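**Student:** Dropping a structure here in structure tokens format, bear with me for questions.
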Amino acid sequence: VPDGTAIIEVPNNGALGFEMYGPGWFFADIPRHLQFFTEASLRKALGQAGLRVTRVIYTGYTRQFAPQWLAAQKEIRKHTGLDRNGAWDGNVWRLLAKTAFAPAARKYDSIRVHAVHEAGNAI
């Protein structure tokens, strides 16, 4: 649509949580999420679709430490065999310490972009 706007939010593959927990990270939500993005790869994909990113917002920092999130993540790791020795519990404190002063691209679990399709852009 000429002059259309898209708002897209995806898990942040550049987040330290994703790096630490890999496929056992709750927000990875495998197998429902099939593609994973960083800000750069999302910008590239949108650019190839004829969209120009006008705003990037990183969201979802504190939910990584909510009791419901932690319980779900522990179950995922238990059922996938990623937590055989039960050592996962202490990692939440390590994640908190690593992310407390990290840049947004590493701290937040999701990326939200606003993008526009401008008349004349190829699709």
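Each chain in the structure tokens gets a letter, A, B and so on, in the order shown; residues start at 1 in every chain, and ligands are counted from 1 in the order they appear.
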Show me, as an MDAnalysis selection string, the residues that have an atom within 10 Å of Tyr21 (chain A) when counting only C-alpha atoms, minus same-chain residues fewer than 5 positions from it.

**Tutor:** chainID A and resid 16 26 28 73 77 82 88 91 95

**Student:** Which residues come within 10 Å of Trp69 (chain A), counting only C-alpha atoms, excluding same-chain residues fewer than 5 positions away, as number ranges by chain?

**Tutor:** A: 25-27, 62-64, 74-75

**Student:** Okay, now the selection with N, CA and C atoms, as a PDB file, in the first residue's frame?

**Tutor:**
```
ATOM      1  N   TRP A  25      15.486 -20.543  25.642  1.00  0.00           N
ATOM      2  CA  TRP A  25      15.028 -19.219  26.060  1.00  0.00           C
ATOM      3  C   TRP A  25      13.536 -19.123  25.799  1.00  0.00           C
ATOM      4  N   PHE A  26      12.793 -18.730  26.807  1.00  0.00           N
ATOM      5  CA  PHE A  26      11.330 -18.689  26.719  1.00  0.00           C
ATOM      6  C   PHE A  26      10.850 -17.898  25.502  1.00  0.00           C
ATOM      7  N   PHE A  27      11.462 -16.760  25.223  1.00  0.00           N
ATOM      8  CA  PHE A  27      10.964 -15.915  24.141  1.00  0.00           C
ATOM      9  C   PHE A  27      11.332 -16.456  22.760  1.00  0.00           C
ATOM     10  N   THR A  62      12.045  -6.373  31.933  1.00  0.00           N
ATOM     11  CA  THR A  62      11.714  -6.918  33.249  1.00  0.00           C
ATOM     12  C   THR A  62      10.933  -8.217  33.201  1.00  0.00           C
ATOM     13  N   ARG A  63      10.250  -8.488  32.104  1.00  0.00           N
ATOM     14  CA  ARG A  63       9.475  -9.733  32.069  1.00  0.00           C
ATOM     15  C   ARG A  63      10.377 -10.970  32.114  1.00  0.00           C
ATOM     16  N   GLN A  64      11.644 -10.815  31.746  1.00  0.00           N
ATOM     17  CA  GLN A  64      12.590 -11.932  31.805  1.00  0.00           C
ATOM     18  C   GLN A  64      12.838 -12.413  33.232  1.00  0.00           C
ATOM     19  N   LYS A  74      12.012 -22.632  32.973  1.00  0.00           N
ATOM     20  CA  LYS A  74      12.538 -23.819  33.652  1.00  0.00           C
ATOM     21  C   LYS A  74      11.873 -25.081  33.096  1.00  0.00           C
ATOM     22  N   GLU A  75      10.561 -25.031  32.852  1.00  0.00           N
ATOM     23  CA  GLU A  75       9.851 -26.187  32.275  1.00  0.00           C
ATOM     24  C   GLU A  75      10.351 -26.502  30.865  1.00  0.00           C
TER      25      GLU A  75
END
```

**Student:** Could you check how far CA of Phe65 (chain A) sits from CA of Leu96 (chain A), in Å to one decimal?

**Tutor:** 8.0 Å

**Student:** Near Val10 (chain A), counting only C-alpha atoms, which residues have an atom at most 8 Å away, once you skip same-chain residues fewer than 3 positions from it, shown as a PyMOL selection string?

**Tutor:** chain A and resi 36-37+110-112

**Student:** I need the chosen residues saved as a PDB file, in the first residue's frame, with all heavy atoms.

**Tutor:**
```
ATOM      1  N   PHE A  36      14.663 -15.664  13.294  1.00  0.00           N
ATOM      2  CA  PHE A  36      15.106 -14.841  14.409  1.00  0.00           C
ATOM      3  C   PHE A  36      15.864 -13.644  13.869  1.00  0.00           C
ATOM      4  O   PHE A  36      16.624 -13.769  12.911  1.00  0.00           O
ATOM      5  CB  PHE A  36      15.967 -15.667  15.363  1.00  0.00           C
ATOM      6  CG  PHE A  36      15.186 -16.800  15.958  1.00  0.00           C
ATOM      7  CD1 PHE A  36      15.202 -18.045  15.370  1.00  0.00           C
ATOM      8  CD2 PHE A  36      14.395 -16.596  17.070  1.00  0.00           C
ATOM      9  CE1 PHE A  36      14.456 -19.091  15.898  1.00  0.00           C
ATOM     10  CE2 PHE A  36      13.639 -17.626  17.606  1.00  0.00           C
ATOM     11  CZ  PHE A  36      13.669 -18.876  17.020  1.00  0.00           C
ATOM     12  N   PHE A  37      15.641 -12.493  14.498  1.00  0.00           N
ATOM     13  CA  PHE A  37      16.171 -11.241  13.974  1.00  0.00           C
ATOM     14  C   PHE A  37      16.942 -10.452  15.015  1.00  0.00           C
ATOM     15  O   PHE A  37      16.625 -10.485  16.199  1.00  0.00           O
ATOM     16  CB  PHE A  37      15.029 -10.343  13.468  1.00  0.00           C
ATOM     17  CG  PHE A  37      14.259 -10.916  12.325  1.00  0.00           C
ATOM     18  CD1 PHE A  37      13.117 -11.667  12.549  1.00  0.00           C
ATOM     19  CD2 PHE A  37      14.684 -10.712  11.024  1.00  0.00           C
ATOM     20  CE1 PHE A  37      12.399 -12.201  11.491  1.00  0.00           C
ATOM     21  CE2 PHE A  37      13.972 -11.254   9.956  1.00  0.00           C
ATOM     22  CZ  PHE A  37      12.829 -11.989  10.188  1.00  0.00           C
ATOM     23  N   SER A 110      12.828  -8.122  23.072  1.00  0.00           N
ATOM     24  CA  SER A 110      12.158  -7.985  21.779  1.00  0.00           C
ATOM     25  C   SER A 110      12.473  -6.639  21.140  1.00  0.00           C
ATOM     26  O   SER A 110      12.878  -5.694  21.805  1.00  0.00           O
ATOM     27  CB  SER A 110      10.650  -8.190  21.893  1.00  0.00           C
ATOM     28  OG  SER A 110      10.066  -7.172  22.657  1.00  0.00           O
ATOM     29  N   ILE A 111      12.273  -6.615  19.820  1.00  0.00           N
ATOM     30  CA  ILE A 111      12.503  -5.426  19.006  1.00  0.00           C
ATOM     31  C   ILE A 111      11.178  -5.071  18.344  1.00  0.00           C
ATOM     32  O   ILE A 111      10.552  -5.919  17.713  1.00  0.00           O
ATOM     33  CB  ILE A 111      13.516  -5.687  17.869  1.00  0.00           C
ATOM     34  CG1 ILE A 111      14.804  -6.289  18.390  1.00  0.00           C
ATOM     35  CG2 ILE A 111      13.765  -4.417  17.068  1.00  0.00           C
ATOM     36  CD1 ILE A 111      15.687  -6.856  17.287  1.00  0.00           C
ATOM     37  N   ARG A 112      10.778  -3.828  18.480  1.00  0.00           N
ATOM     38  CA  ARG A 112       9.583  -3.338  17.781  1.00  0.00           C
ATOM     39  C   ARG A 112      10.033  -2.267  16.803  1.00  0.00           C
ATOM     40  O   ARG A 112      10.760  -1.352  17.178  1.00  0.00           O
ATOM     41  CB  ARG A 112       8.580  -2.734  18.764  1.00  0.00           C
ATOM     42  CG  ARG A 112       7.301  -2.252  18.079  1.00  0.00           C
ATOM     43  CD  ARG A 112       6.326  -1.635  19.069  1.00  0.00           C
ATOM     44  NE  ARG A 112       6.101  -2.552  20.170  1.00  0.00           N
ATOM     45  CZ  ARG A 112       5.929  -2.152  21.441  1.00  0.00           C
ATOM     46  NH1 ARG A 112       5.961  -0.884  21.757  1.00  0.00           N
ATOM     47  NH2 ARG A 112       5.712  -3.042  22.384  1.00  0.00           N
TER      48      ARG A 112
END
```

**Student:** Any chance you could list, as number ranges by chain, the residues in chain A that come up alpha helix (DSSP H) when DSSP is run on the backbone?

**Tutor:** A: 16-21, 39-48, 67-80, 91-99, 104-107

**Student:** Could you write out, as a VMD selection string, all the residues of region 13-123 of chain A that DSSP marks as strand (DSSP E or B)?

**Tutor:** chain A and resid 37 51 to 59 110 to 117

**Student:** For CA of Ala66 (chain A) and CA of Tyr108 (chain A), determine how far apart the two atoms are, in Å to one decimal place.

**Tutor:**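 Spanning CA of Ala66 (chain A) to CA of Tyr108 (chain A) is a straight-line distance of 13.9 Å.
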
**Student:** Would you work out the distance separating CA of Asp3 (chain A) from CA of Thr54 (chain A), expressed in Å to one decimal?

**Tutor:**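 Straight-line distance from CA of Asp3 (chain A) to CA of Thr54 (chain A) works out to 12.7 Å.
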
**Student:** Could you tell me which of A:Gly60, A:Pro67, A:Pro23, A:Gly47 comes closest to Ala104 (chain A) if we count only C-alpha atoms?

**Tutor:**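 The answer is A:Gly60, which sits nearest to Ala104 (chain A).
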
**Student:** May I ask which of the residues A:Pro11, A:Thr59, A:Arg94, A:Phe18 is the closest one to Leu34 (chain A), counting only C-alpha atoms?

**Tutor:**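 Of A:Pro11, A:Thr59, A:Arg94, A:Phe18, the one nearest Leu34 (chain A), counting only C-alpha atoms, is A:Pro11.
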
**Student:** May I ask which of the residues A:Gly50, A:Arg43, A:Gly14, A:Ile76 is the closest one to Pro31 (chain A), counting only C-alpha atoms?

**Tutor:**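 Once distances to Pro31 (chain A) are computed over only C-alpha atoms, the minimum belongs to A:Ile76.
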
**Student:** Choose the residue, out of A:Met20, A:Ala45, A:Val92, A:Val56, that has the smallest atom-to-atom separation from Ala105 (chain A); count only C-alpha atoms.

**Tutor:** A:Val56

**Student:** I'd like the neighbourhood of Leu51 (chain A) as an NGL selection string, where a residue qualifies if any of its atoms comes within 10 Å (using only C-alpha atoms), though same-chain residues fewer than 4 positions away should be ignored.

**Tutor:** :A and (3-6 or 43-47 or 114-118 or 121-123)
